[in-house]
Amino acid sequence: MDEAGRGPVIGPMVVAGVWMDAEEEHKLLEMKVRDSKKLIRHRRERLAEYIKKNFIHHFIVVEAEDIDNLRQIMTMNQLEAYIFAKIANMERADVYYIDAASTNENAFKDLIRQSIMHDCEIICEHGADDKYAIVSAASIVAKVERDARIKKIAEELEKKLEMPLGSGYPSDERTIEFIKAWLEKYGEMPPHVRKSWKTVKRIEDEIRQKKLF
């Protein structure tokens, strides 16, 4: 299992799981799956099609508004661990390989285990999406699904502002400028923005101060 979109200020987080028998792993290795971040978009999309066609898979989309609401009662790590467990409960497995979201791998693993409904082994490590082919496969499914969702959001919002949305990540200057321009024009945050993010609160403070002076 792996996620895409934990950190962006715009758009959903997608968590995906891929299931296979251990003896099938060679199929992924032959297809040269890698961490989705290390693949070009076209290659990612082709691999996602192959994975979804040949293996059991599920994903959950957590919208920005739901992230904001849930963060009022839990941390982002708790939220992500809960979604990982929800994915695990969709299909039984003897072993789950998970890319750790927390700096404390064991604590994150324990959070997940609390909500899994059956006995299993959990291998939860940083960089699992680059180390284990099965996690690479999940990262590809999650990334391609999130990219598709972001594309739809961009198509929805860009025509109302006539400027690029960007990737949705706080490090993307296009995304930050888009949010600022939208707030100045419409007096509120764009749809699909994670309003609980510190980046958003800084933008709100900046625009508020700008109006004062």
# chains A, B, ... in the order shown; residues from 1 in each chain; ligands from 1
>>> closest_atom_pairs(of="region 9-44 of chain A", to="region 96-107 of chain A", cutoff="12 Å", atoms="only C-alpha atoms", output="Markdown table")
| residue | atom | partner | partner_atom | distance |
| --- | --- | --- | --- | --- |
| A:Val15 | CA | A:Ile98 | CA | 10.7 |
| A:Ala16 | CA | A:Ile98 | CA | 10.2 |
| A:Gly17 | CA | A:Ile98 | CA | 9.0 |
| A:Val18 | CA | A:Tyr96 | CA | 9.6 |
| A:Trp19 | CA | A:Tyr96 | CA | 8.8 |
| A:Met20 | CA | A:Tyr96 | CA | 10.5 |
| A:Asp21 | CA | A:Tyr96 | CA | 11.6 |
| A:Ala22 | CA | A:Tyr96 | CA | 11.4 |
| A:Asp35 | CA | A:Asp99 | CA | 10.6 |
>>> write_last_selection(atoms="C-alpha atoms", output="PDB file, in the first residue's frame")
ATOM      1  CA  VAL A  15      -4.360   5.641  -0.927  1.00  0.00           C
ATOM      2  CA  ALA A  16      -4.008   2.478  -3.016  1.00  0.00           C
ATOM      3  CA  GLY A  17      -3.428  -1.206  -2.379  1.00  0.00           C
ATOM      4  CA  VAL A  18      -2.364  -3.960  -4.762  1.00  0.00           C
ATOM      5  CA  TRP A  19      -2.641  -7.679  -3.949  1.00  0.00           C
ATOM      6  CA  MET A  20      -0.768 -10.608  -5.458  1.00  0.00           C
ATOM      7  CA  ASP A  21       0.707 -13.979  -4.602  1.00  0.00           C
ATOM      8  CA  ALA A  22       4.410 -13.873  -3.763  1.00  0.00           C
ATOM      9  CA  ASP A  35       8.519   4.331  -7.254  1.00  0.00           C
TER      10      ASP A  35
END
>>> select_by_dssp(residues="chain A", states="alpha helix (DSSP H)", output="PyMOL selection string")
chain A and resi 25-30+41-54+64-70+76-88+105-113+128-131+133-161+173-186+198-212
>>> closest_residue(among="A:Thr175, A:Ser136, A:Ser167, A:Gln209", to="Arg34 (chain A)", atoms="only C-alpha atoms")
A:Ser136
>>> closest_residue(among="A:Glu30, A:Glu188, A:Glu3, A:Trp182", to="Lys159 (chain A)", atoms="only C-alpha atoms")
A:Trp182
>>> select_by_dssp(residues="chain A", states="strand (DSSP E)", output="list of chain:residue names")
A:Asp2, A:Glu3, A:Ala4, A:Met13, A:Val14, A:Val15, A:Ala16, A:Gly17, A:Val18, A:Trp19, A:Ile56, A:His57, A:His58, A:Phe59, A:Ile60, A:Val61, A:Val62, A:Val95, A:Tyr96, A:Tyr97, A:Ile98, A:Asp99, A:Glu121, A:Ile122, A:Ile123, A:Cys124, A:Glu125
>>> closest_residue(among="A:Phe108, A:Tyr186, A:Tyr132, A:Phe178", to="Thr75 (chain A)", atoms="only C-alpha atoms")
A:Phe108
>>> closest_residue(among="A:Leu161, A:Ile56, A:Val33, A:Ala64", to="Val9 (chain A)", atoms="only C-alpha atoms")
A:Ala64
>>> residues_around(residues="Ile176 (chain A)", least_positions_apart="5", cutoff="10 Å", atoms="only C-alpha atoms", output="PyMOL selection string")
chain A and resi 9-10+165-166+168-171+181-182+199-200+203
>>> residues_around(residues="Glu49 (chain A)", least_positions_apart="4", cutoff="12 Å", atoms="only C-alpha atoms", output="list in words")
Met31, His42, Arg43, Arg44, Glu45, Lys53, Asn54, Phe55, His57, Ala137, Ile140, Val141, Val144 and Glu145 of chain A
>>> atom_distance(atom1="CA of Lys52 (chain A)", atom2="CA of Glu121 (chain A)")
24.1 Å
>>> atom_distance(atom1="CA of Ala93 (chain A)", atom2="CA of Cys120 (chain A)")
6.8 Å
>>> residues_around(residues="Ile60 (chain A)", least_positions_apart="2", cutoff="8 Å", atoms="only C-alpha atoms", output="list in words")
Val14, Val15, Ala16, His58, Val62, Ile83 and Ile87 of chain A
>>> closest_residue(among="A:Val95, A:Asp68, A:Glu63, A:Glu173", to="Lys198 (chain A)", atoms="only C-alpha atoms")
A:Asp68
>>> closest_residue(among="A:Lys109, A:His192, A:Arg46, A:Lys131", to="Pro12 (chain A)", atoms="only C-alpha atoms")
A:His192
>>> residues_around(residues="Gly187 (chain A)", least_positions_apart="5", cutoff="12 Å", atoms="only C-alpha atoms", output="PyMOL selection string")
chain A and resi 179-182+204+207-208+211
>>> write_last_selection(atoms="N, CA and C atoms", output="PDB file, in the first residue's frame")
ATOM      1  N   ILE A 179      -3.870  30.459  -5.775  1.00  0.00           N
ATOM      2  CA  ILE A 179      -4.696  30.606  -4.576  1.00  0.00           C
ATOM      3  C   ILE A 179      -4.821  32.078  -4.179  1.00  0.00           C
ATOM      4  N   LYS A 180      -3.715  32.807  -4.251  1.00  0.00           N
ATOM      5  CA  LYS A 180      -3.751  34.229  -3.903  1.00  0.00           C
ATOM      6  C   LYS A 180      -4.676  35.004  -4.840  1.00  0.00           C
ATOM      7  N   ALA A 181      -4.548  34.738  -6.131  1.00  0.00           N
ATOM      8  CA  ALA A 181      -5.369  35.453  -7.120  1.00  0.00           C
ATOM      9  C   ALA A 181      -6.842  35.132  -6.940  1.00  0.00           C
ATOM     10  N   TRP A 182      -7.138  33.873  -6.652  1.00  0.00           N
ATOM     11  CA  TRP A 182      -8.538  33.470  -6.445  1.00  0.00           C
ATOM     12  C   TRP A 182      -9.112  34.161  -5.203  1.00  0.00           C
ATOM     13  N   GLU A 204      -3.902  33.643   3.658  1.00  0.00           N
ATOM     14  CA  GLU A 204      -5.027  34.443   4.161  1.00  0.00           C
ATOM     15  C   GLU A 204      -4.517  35.647   4.951  1.00  0.00           C
ATOM     16  N   ILE A 207      -2.977  38.277   2.476  1.00  0.00           N
ATOM     17  CA  ILE A 207      -3.990  39.035   1.725  1.00  0.00           C
ATOM     18  C   ILE A 207      -4.721  39.999   2.653  1.00  0.00           C
ATOM     19  N   ARG A 208      -4.993  39.557   3.880  1.00  0.00           N
ATOM     20  CA  ARG A 208      -5.662  40.422   4.848  1.00  0.00           C
ATOM     21  C   ARG A 208      -4.820  41.646   5.173  1.00  0.00           C
ATOM     22  N   LYS A 211      -4.733  44.170   2.288  1.00  0.00           N
ATOM     23  CA  LYS A 211      -5.930  45.018   2.198  1.00  0.00           C
ATOM     24  C   LYS A 211      -5.910  46.134   3.228  1.00  0.00           C
TER      25      LYS A 211
END
>>> atom_distance(atom1="CA of Lys160 (chain A)", atom2="CA of Lys201 (chain A)")
22.5 Å
